[in-house]
>>> print(open('run.cif').read())   # mmCIF, C-alpha atoms
data_upload
#
loop_
_atom_site.label_atom_id
_atom_site.label_comp_id
_atom_site.auth_asym_id
_atom_site.auth_seq_id
_atom_site.Cartn_x
_atom_site.Cartn_y
_atom_site.Cartn_z
CA MET A 1 -28.83 3.25 8.87
CA PRO A 2 -30.60 0.85 11.26
CA PRO A 3 -28.23 -1.66 12.91
CA VAL A 4 -29.98 -4.67 11.35
CA ILE A 5 -29.57 -3.32 7.82
CA ARG A 6 -26.02 -2.16 8.58
CA ASN A 7 -25.05 -5.66 9.72
CA ILE A 8 -26.63 -7.29 6.67
CA ALA A 9 -24.88 -4.83 4.35
CA ALA A 10 -21.54 -5.36 6.13
CA ASP A 11 -21.83 -9.14 5.79
CA TYR A 12 -22.78 -8.82 2.12
CA TYR A 13 -19.85 -6.57 1.24
CA ARG A 14 -17.42 -8.62 3.32
CA CYS A 15 -18.44 -11.70 1.31
CA LYS A 16 -18.09 -9.82 -2.00
CA ILE A 17 -14.61 -8.57 -1.07
CA LYS A 18 -13.50 -12.09 -0.12
CA GLN A 19 -14.75 -13.35 -3.49
CA GLN A 20 -12.82 -10.62 -5.31
CA ILE A 21 -9.63 -11.34 -3.38
CA HIS A 22 -9.98 -15.03 -4.14
CA GLY A 23 -10.69 -14.25 -7.80
CA HIS A 24 -7.53 -12.15 -8.05
CA GLY A 25 -5.52 -15.07 -6.72
CA MET A 26 -4.32 -13.72 -3.36
CA GLY A 27 -7.21 -15.29 -1.49
CA LYS A 28 -5.91 -18.73 -2.48
CA HIS A 29 -2.76 -18.28 -0.36
CA ARG A 30 -2.16 -18.51 3.36
CA ALA A 31 -1.48 -15.29 5.28
CA VAL A 32 2.21 -16.16 5.66
CA GLU A 33 2.60 -16.58 1.90
CA ILE A 34 0.85 -13.27 1.21
CA PHE A 35 3.08 -11.50 3.74
CA THR A 36 6.21 -13.08 2.22
CA ARG A 37 5.19 -11.89 -1.24
CA GLY A 38 4.59 -8.42 0.17
CA ILE A 39 8.06 -8.37 1.73
CA HIS A 40 9.59 -9.34 -1.61
CA ASP A 41 7.69 -6.49 -3.29
CA ILE A 42 8.83 -3.97 -0.65
CA ASP A 43 12.43 -5.17 -0.98
CA ALA A 44 12.29 -4.93 -4.78
CA LEU A 45 10.91 -1.39 -4.66
CA SER A 46 13.49 -0.32 -2.08
CA THR A 47 16.35 -1.82 -4.09
CA CYS A 48 15.16 -0.30 -7.38
CA LEU A 49 14.66 3.13 -5.85
CA ASN A 50 17.95 2.98 -3.96
CA ASP A 51 18.99 6.61 -3.40
CA LYS A 52 17.30 8.08 -6.48
CA LYS A 53 14.70 10.84 -6.24
CA TYR A 54 12.27 8.86 -8.41
CA PHE A 55 12.42 5.33 -9.78
CA LEU A 56 13.71 6.35 -13.20
CA GLY A 57 15.82 9.33 -12.17
CA ASN A 58 15.05 12.96 -11.36
CA GLN A 59 11.60 13.18 -12.97
CA SER A 60 8.47 11.36 -11.86
CA THR A 61 6.84 8.96 -14.32
CA THR A 62 3.77 6.75 -14.39
CA LEU A 63 5.87 4.13 -12.61
CA ASP A 64 6.18 6.53 -9.69
CA ALA A 65 2.44 7.16 -9.68
CA SER A 66 1.79 3.43 -9.48
CA ALA A 67 4.47 2.74 -6.86
CA PHE A 68 3.37 5.72 -4.78
CA GLY A 69 -0.22 4.47 -4.74
CA MET A 70 0.87 1.13 -3.33
CA LEU A 71 3.43 2.55 -0.91
CA VAL A 72 1.31 5.35 0.55
CA ASN A 73 -1.45 2.84 1.30
CA THR A 74 1.06 0.57 2.99
CA LEU A 75 3.06 3.16 4.92
CA ARG A 76 0.32 5.63 5.84
CA CYS A 77 -2.54 3.23 6.50
CA PRO A 78 -3.96 3.80 10.01
CA ILE A 79 -4.26 0.03 10.45
CA GLU A 80 -1.18 -1.76 11.73
CA SER A 81 0.07 -4.83 9.89
CA PRO A 82 3.28 -6.86 9.66
CA LEU A 83 3.79 -5.57 6.11
CA LYS A 84 3.47 -1.96 7.24
CA GLU A 85 5.95 -2.58 10.07
CA TYR A 86 8.40 -4.06 7.58
CA ALA A 87 7.95 -1.25 5.06
CA LEU A 88 8.63 1.31 7.81
CA THR A 89 12.17 -0.09 8.06
CA LYS A 90 12.90 1.10 4.50
CA ASN A 91 13.97 4.72 4.97
CA ASN A 92 14.29 5.38 1.25
CA LEU A 93 10.65 4.38 0.70
CA ILE A 94 9.48 6.58 3.59
CA GLN A 95 11.42 9.54 2.18
CA TYR A 96 10.04 8.80 -1.29
CA VAL A 97 6.42 8.86 -0.09
CA ASP A 98 7.10 12.01 1.96
CA ARG A 99 8.68 13.71 -1.07
CA ILE A 100 5.75 12.90 -3.37
CA MET A 101 3.26 13.97 -0.71
CA ALA A 102 5.08 17.31 -0.34
CA ASN A 103 5.36 17.86 -4.11
CA TYR A 104 1.94 16.73 -5.27
CA TYR A 105 -0.34 16.66 -2.21
CA PRO A 106 0.87 19.37 0.21
CA ASP A 107 -2.69 20.06 1.38
CA LEU A 108 -2.97 16.51 2.70
CA LEU A 109 0.13 16.93 4.87
CA THR A 110 -1.62 19.49 7.04
CA ALA A 111 -4.94 17.64 7.14
#
>>> encode(input="run.cif", output="structure tokens")
Amino acid sequence: MPPVIRNIAADYYRCKIKQQIHGHGMGKHRAVEIFTRGIHDIDALSTCLNDKKYFLGNQSTTLDASAFGMLVNTLRCPIESPLKEYALTKNNLIQYVDRIMANYYPDLLTA
């Protein structure tokens, strides 16, 4: 893609993403408020999981699928962020993501 078109496309999609974030409500808050909400979410997940294998016991449920999706994107994202740093202090969440990766996505562990 020619650089001129690439830059125009990047600006267009950046604007669209900002509109979506604002439309969902998060874009209306300052970065500190968003980070604080994220910390509360991480704390709640860590507390609810505690030392259980899955959130509702020994079998995974749709709750685990949803939580895993959020957590894997926070913990395994190649981009550093204050929220990722905070989540990495929660050993039970790290073990949880590792366990689900090993059980359901073993091919991705070696990739």
>>> residues_around(input="run.cif", residues="Ala65 in chain A", least_positions_apart="5", cutoff="12 Å", atoms="only C-alpha atoms", output="PDB file with C-alpha atoms, in the frame of the given file")
ATOM      1  CA  TYR A  54      12.270   8.860  -8.410  1.00  0.00           C
ATOM      2  CA  PHE A  55      12.420   5.330  -9.780  1.00  0.00           C
ATOM      3  CA  LEU A  56      13.710   6.350 -13.200  1.00  0.00           C
ATOM      4  CA  GLN A  59      11.600  13.180 -12.970  1.00  0.00           C
ATOM      5  CA  SER A  60       8.470  11.360 -11.860  1.00  0.00           C
ATOM      6  CA  MET A  70       0.870   1.130  -3.330  1.00  0.00           C
ATOM      7  CA  LEU A  71       3.430   2.550  -0.910  1.00  0.00           C
ATOM      8  CA  VAL A  72       1.310   5.350   0.550  1.00  0.00           C
ATOM      9  CA  TYR A  96      10.040   8.800  -1.290  1.00  0.00           C
ATOM     10  CA  VAL A  97       6.420   8.860  -0.090  1.00  0.00           C
ATOM     11  CA  ILE A 100       5.750  12.900  -3.370  1.00  0.00           C
ATOM     12  CA  MET A 101       3.260  13.970  -0.710  1.00  0.00           C
ATOM     13  CA  TYR A 104       1.940  16.730  -5.270  1.00  0.00           C
TER      14      TYR A 104
END
>>> closest_residue(input="run.cif", among="A:Ile42, A:Cys48, A:Ile34, A:Cys77", to="Leu63 in chain A", atoms="all atoms listed in the file")
A:Cys48
>>> closest_residue(input="run.cif", among="A:Leu83, A:Leu108, A:Ala102, A:Ala10", to="Glu33 in chain A", atoms="all atoms listed in the file")
A:Leu83
>>> atom_distance(input="run.cif", atom1="CA of Asp43 in chain A", atom2="CA of Gln20 in chain A")
26.2 Å
>>> atom_distance(input="run.cif", atom1="CA of Ser46 in chain A", atom2="CA of Leu75 in chain A")
13.0 Å
>>> residues_around(input="run.cif", residues="Asp98 in chain A", least_positions_apart="6", cutoff="10 Å", atoms="all atoms listed in the file", output="list in words")
Phe68, Val72, Asn92, Tyr105, Pro106 and Leu109 of chain A
>>> atom_distance(input="run.cif", atom1="CA of Tyr86 in chain A", atom2="CA of Tyr13 in chain A")
29.1 Å
>>> closest_residue(input="run.cif", among="A:Ala9, A:Met1, A:Leu88, A:Leu93", to="Thr47 in chain A", atoms="only C-alpha atoms")
A:Leu93
>>> closest_residue(input="run.cif", among="A:Asn91, A:Gln19, A:Thr74, A:Thr110", to="Asn50 in chain A", atoms="all atoms listed in the file")
A:Asn91
>>> axis_aligned_box(input="run.cif", around="range 9-12 of chain A", padding_each_side="8 Å", output="JSON")
{"center_x": -23.2, "center_y": -7.0, "center_z": 4.1, "size_x": 19.3, "size_y": 20.3, "size_z": 20.0}
>>> decode(input="run.cif", residues="range 27-71 of chain A", atoms="N, CA and C atoms", output="mmCIF file, in the first residue's frame")
data_model
loop_
_atom_site.group_PDB
_atom_site.id
_atom_site.type_symbol
_atom_site.label_atom_id
_atom_site.label_comp_id
_atom_site.auth_asym_id
_atom_site.auth_seq_id
_atom_site.Cartn_x
_atom_site.Cartn_y
_atom_site.Cartn_z
ATOM 1 N N GLY A 27 -14.464 6.443 26.444
ATOM 2 C CA GLY A 27 -13.782 7.607 25.896
ATOM 3 C C GLY A 27 -14.157 8.907 26.579
ATOM 4 N N LYS A 28 -15.180 8.877 27.422
ATOM 5 C CA LYS A 28 -15.619 10.076 28.133
ATOM 6 C C LYS A 28 -14.845 10.286 29.429
ATOM 7 N N HIS A 29 -13.990 9.307 29.788
ATOM 8 C CA HIS A 29 -13.260 9.372 31.054
ATOM 9 C C HIS A 29 -11.789 9.684 30.814
ATOM 10 N N ARG A 30 -11.161 10.246 31.850
ATOM 11 C CA ARG A 30 -9.726 10.495 31.785
ATOM 12 C C ARG A 30 -8.985 9.168 31.931
ATOM 13 N N ALA A 31 -7.735 9.145 31.484
ATOM 14 C CA ALA A 31 -6.927 7.919 31.518
ATOM 15 C C ALA A 31 -6.826 7.357 32.932
ATOM 16 N N VAL A 32 -6.681 8.213 33.926
ATOM 17 C CA VAL A 32 -6.571 7.756 35.317
ATOM 18 C C VAL A 32 -7.847 7.041 35.750
ATOM 19 N N GLU A 33 -8.990 7.561 35.362
ATOM 20 C CA GLU A 33 -10.267 6.928 35.720
ATOM 21 C C GLU A 33 -10.415 5.571 35.034
ATOM 22 N N ILE A 34 -10.009 5.486 33.787
ATOM 23 C CA ILE A 34 -10.093 4.221 33.057
ATOM 24 C C ILE A 34 -9.183 3.192 33.711
ATOM 25 N N PHE A 35 -7.967 3.595 34.061
ATOM 26 C CA PHE A 35 -7.020 2.698 34.722
ATOM 27 C C PHE A 35 -7.566 2.233 36.071
ATOM 28 N N THR A 36 -8.151 3.145 36.838
ATOM 29 C CA THR A 36 -8.725 2.788 38.141
ATOM 30 C C THR A 36 -9.847 1.771 37.977
ATOM 31 N N ARG A 37 -10.688 1.960 36.994
ATOM 32 C CA ARG A 37 -11.761 0.985 36.735
ATOM 33 C C ARG A 37 -11.170 -0.373 36.353
ATOM 34 N N GLY A 38 -10.127 -0.351 35.557
ATOM 35 C CA GLY A 38 -9.465 -1.593 35.166
ATOM 36 C C GLY A 38 -8.883 -2.326 36.357
ATOM 37 N N ILE A 39 -8.280 -1.587 37.276
ATOM 38 C CA ILE A 39 -7.731 -2.193 38.501
ATOM 39 C C ILE A 39 -8.846 -2.833 39.312
ATOM 40 N N HIS A 40 -9.963 -2.159 39.422
ATOM 41 C CA HIS A 40 -11.102 -2.720 40.168
ATOM 42 C C HIS A 40 -11.579 -4.018 39.514
ATOM 43 N N ASP A 41 -11.610 -4.045 38.190
ATOM 44 C CA ASP A 41 -12.017 -5.261 37.476
ATOM 45 C C ASP A 41 -11.024 -6.398 37.716
ATOM 46 N N ILE A 42 -9.735 -6.100 37.633
ATOM 47 C CA ILE A 42 -8.703 -7.116 37.873
ATOM 48 C C ILE A 42 -8.812 -7.644 39.298
ATOM 49 N N ASP A 43 -8.973 -6.742 40.261
ATOM 50 C CA ASP A 43 -9.123 -7.162 41.662
ATOM 51 C C ASP A 43 -10.349 -8.044 41.852
ATOM 52 N N ALA A 44 -11.459 -7.665 41.230
ATOM 53 C CA ALA A 44 -12.692 -8.452 41.369
ATOM 54 C C ALA A 44 -12.510 -9.848 40.783
ATOM 55 N N LEU A 45 -11.893 -9.937 39.614
ATOM 56 C CA LEU A 45 -11.658 -11.245 39.005
ATOM 57 C C LEU A 45 -10.727 -12.092 39.861
ATOM 58 N N SER A 46 -9.670 -11.483 40.369
ATOM 59 C CA SER A 46 -8.723 -12.217 41.207
ATOM 60 C C SER A 46 -9.377 -12.716 42.487
ATOM 61 N N THR A 47 -10.192 -11.878 43.100
ATOM 62 C CA THR A 47 -10.885 -12.260 44.334
ATOM 63 C C THR A 47 -11.898 -13.364 44.066
ATOM 64 N N CYS A 48 -12.665 -13.232 42.996
ATOM 65 C CA CYS A 48 -13.673 -14.257 42.674
ATOM 66 C C CYS A 48 -13.027 -15.592 42.326
ATOM 67 N N LEU A 49 -11.941 -15.557 41.585
ATOM 68 C CA LEU A 49 -11.263 -16.800 41.214
ATOM 69 C C LEU A 49 -10.608 -17.437 42.432
ATOM 70 N N ASN A 50 -9.979 -16.606 43.251
ATOM 71 C CA ASN A 50 -9.285 -17.064 44.450
ATOM 72 C C ASN A 50 -8.348 -18.210 44.075
ATOM 73 N N ASP A 51 -8.523 -19.382 44.685
ATOM 74 C CA ASP A 51 -7.644 -20.510 44.372
ATOM 75 C C ASP A 51 -8.373 -21.617 43.610
ATOM 76 N N LYS A 52 -9.514 -21.271 43.019
ATOM 77 C CA LYS A 52 -10.283 -22.261 42.254
ATOM 78 C C LYS A 52 -9.650 -22.475 40.875
ATOM 79 N N LYS A 53 -9.928 -23.636 40.300
ATOM 80 C CA LYS A 53 -9.435 -23.950 38.962
ATOM 81 C C LYS A 53 -10.122 -23.058 37.926
ATOM 82 N N TYR A 54 -11.433 -22.939 38.047
ATOM 83 C CA TYR A 54 -12.238 -22.076 37.180
ATOM 84 C C TYR A 54 -13.144 -21.229 38.066
ATOM 85 N N PHE A 55 -13.766 -20.224 37.509
ATOM 86 C CA PHE A 55 -14.543 -19.296 38.332
ATOM 87 C C PHE A 55 -15.679 -19.950 39.098
ATOM 88 N N LEU A 56 -16.303 -20.963 38.512
ATOM 89 C CA LEU A 56 -17.437 -21.595 39.191
ATOM 90 C C LEU A 56 -17.119 -23.008 39.662
ATOM 91 N N GLY A 57 -15.838 -23.315 39.817
ATOM 92 C CA GLY A 57 -15.465 -24.626 40.342
ATOM 93 C C GLY A 57 -14.449 -25.340 39.478
ATOM 94 N N ASN A 58 -14.672 -26.643 39.264
ATOM 95 C CA ASN A 58 -13.703 -27.475 38.550
ATOM 96 C C ASN A 58 -13.976 -27.624 37.062
ATOM 97 N N GLN A 59 -15.073 -27.069 36.576
ATOM 98 C CA GLN A 59 -15.409 -27.145 35.156
ATOM 99 C C GLN A 59 -15.491 -25.735 34.576
ATOM 100 N N SER A 60 -14.984 -25.574 33.365
ATOM 101 C CA SER A 60 -15.072 -24.257 32.734
ATOM 102 C C SER A 60 -16.502 -24.005 32.255
ATOM 103 N N THR A 61 -16.883 -22.744 32.263
ATOM 104 C CA THR A 61 -18.212 -22.316 31.831
ATOM 105 C C THR A 61 -18.058 -21.134 30.874
ATOM 106 N N THR A 62 -19.173 -20.609 30.415
ATOM 107 C CA THR A 62 -19.113 -19.431 29.547
ATOM 108 C C THR A 62 -18.518 -18.232 30.284
ATOM 109 N N LEU A 63 -18.662 -18.195 31.592
ATOM 110 C CA LEU A 63 -18.025 -17.132 32.376
ATOM 111 C C LEU A 63 -16.512 -17.197 32.196
ATOM 112 N N ASP A 64 -15.963 -18.399 32.218
ATOM 113 C CA ASP A 64 -14.521 -18.560 32.028
ATOM 114 C C ASP A 64 -14.095 -18.134 30.629
ATOM 115 N N ALA A 65 -14.905 -18.449 29.639
ATOM 116 C CA ALA A 65 -14.580 -18.039 28.270
ATOM 117 C C ALA A 65 -14.515 -16.520 28.167
ATOM 118 N N SER A 66 -15.452 -15.854 28.791
ATOM 119 C CA SER A 66 -15.492 -14.393 28.760
ATOM 120 C C SER A 66 -14.323 -13.793 29.541
ATOM 121 N N ALA A 67 -14.102 -14.298 30.747
ATOM 122 C CA ALA A 67 -13.012 -13.783 31.581
ATOM 123 C C ALA A 67 -11.660 -14.047 30.922
ATOM 124 N N PHE A 68 -11.500 -15.233 30.365
ATOM 125 C CA PHE A 68 -10.243 -15.571 29.694
ATOM 126 C C PHE A 68 -9.961 -14.600 28.551
ATOM 127 N N GLY A 69 -10.977 -14.296 27.756
ATOM 128 C CA GLY A 69 -10.795 -13.374 26.642
ATOM 129 C C GLY A 69 -10.267 -12.024 27.090
ATOM 130 N N MET A 70 -10.788 -11.517 28.181
ATOM 131 C CA MET A 70 -10.328 -10.233 28.700
ATOM 132 C C MET A 70 -8.927 -10.368 29.294
ATOM 133 N N LEU A 71 -8.720 -11.417 30.074
ATOM 134 C CA LEU A 71 -7.446 -11.571 30.775
ATOM 135 C C LEU A 71 -6.283 -11.883 29.842
#
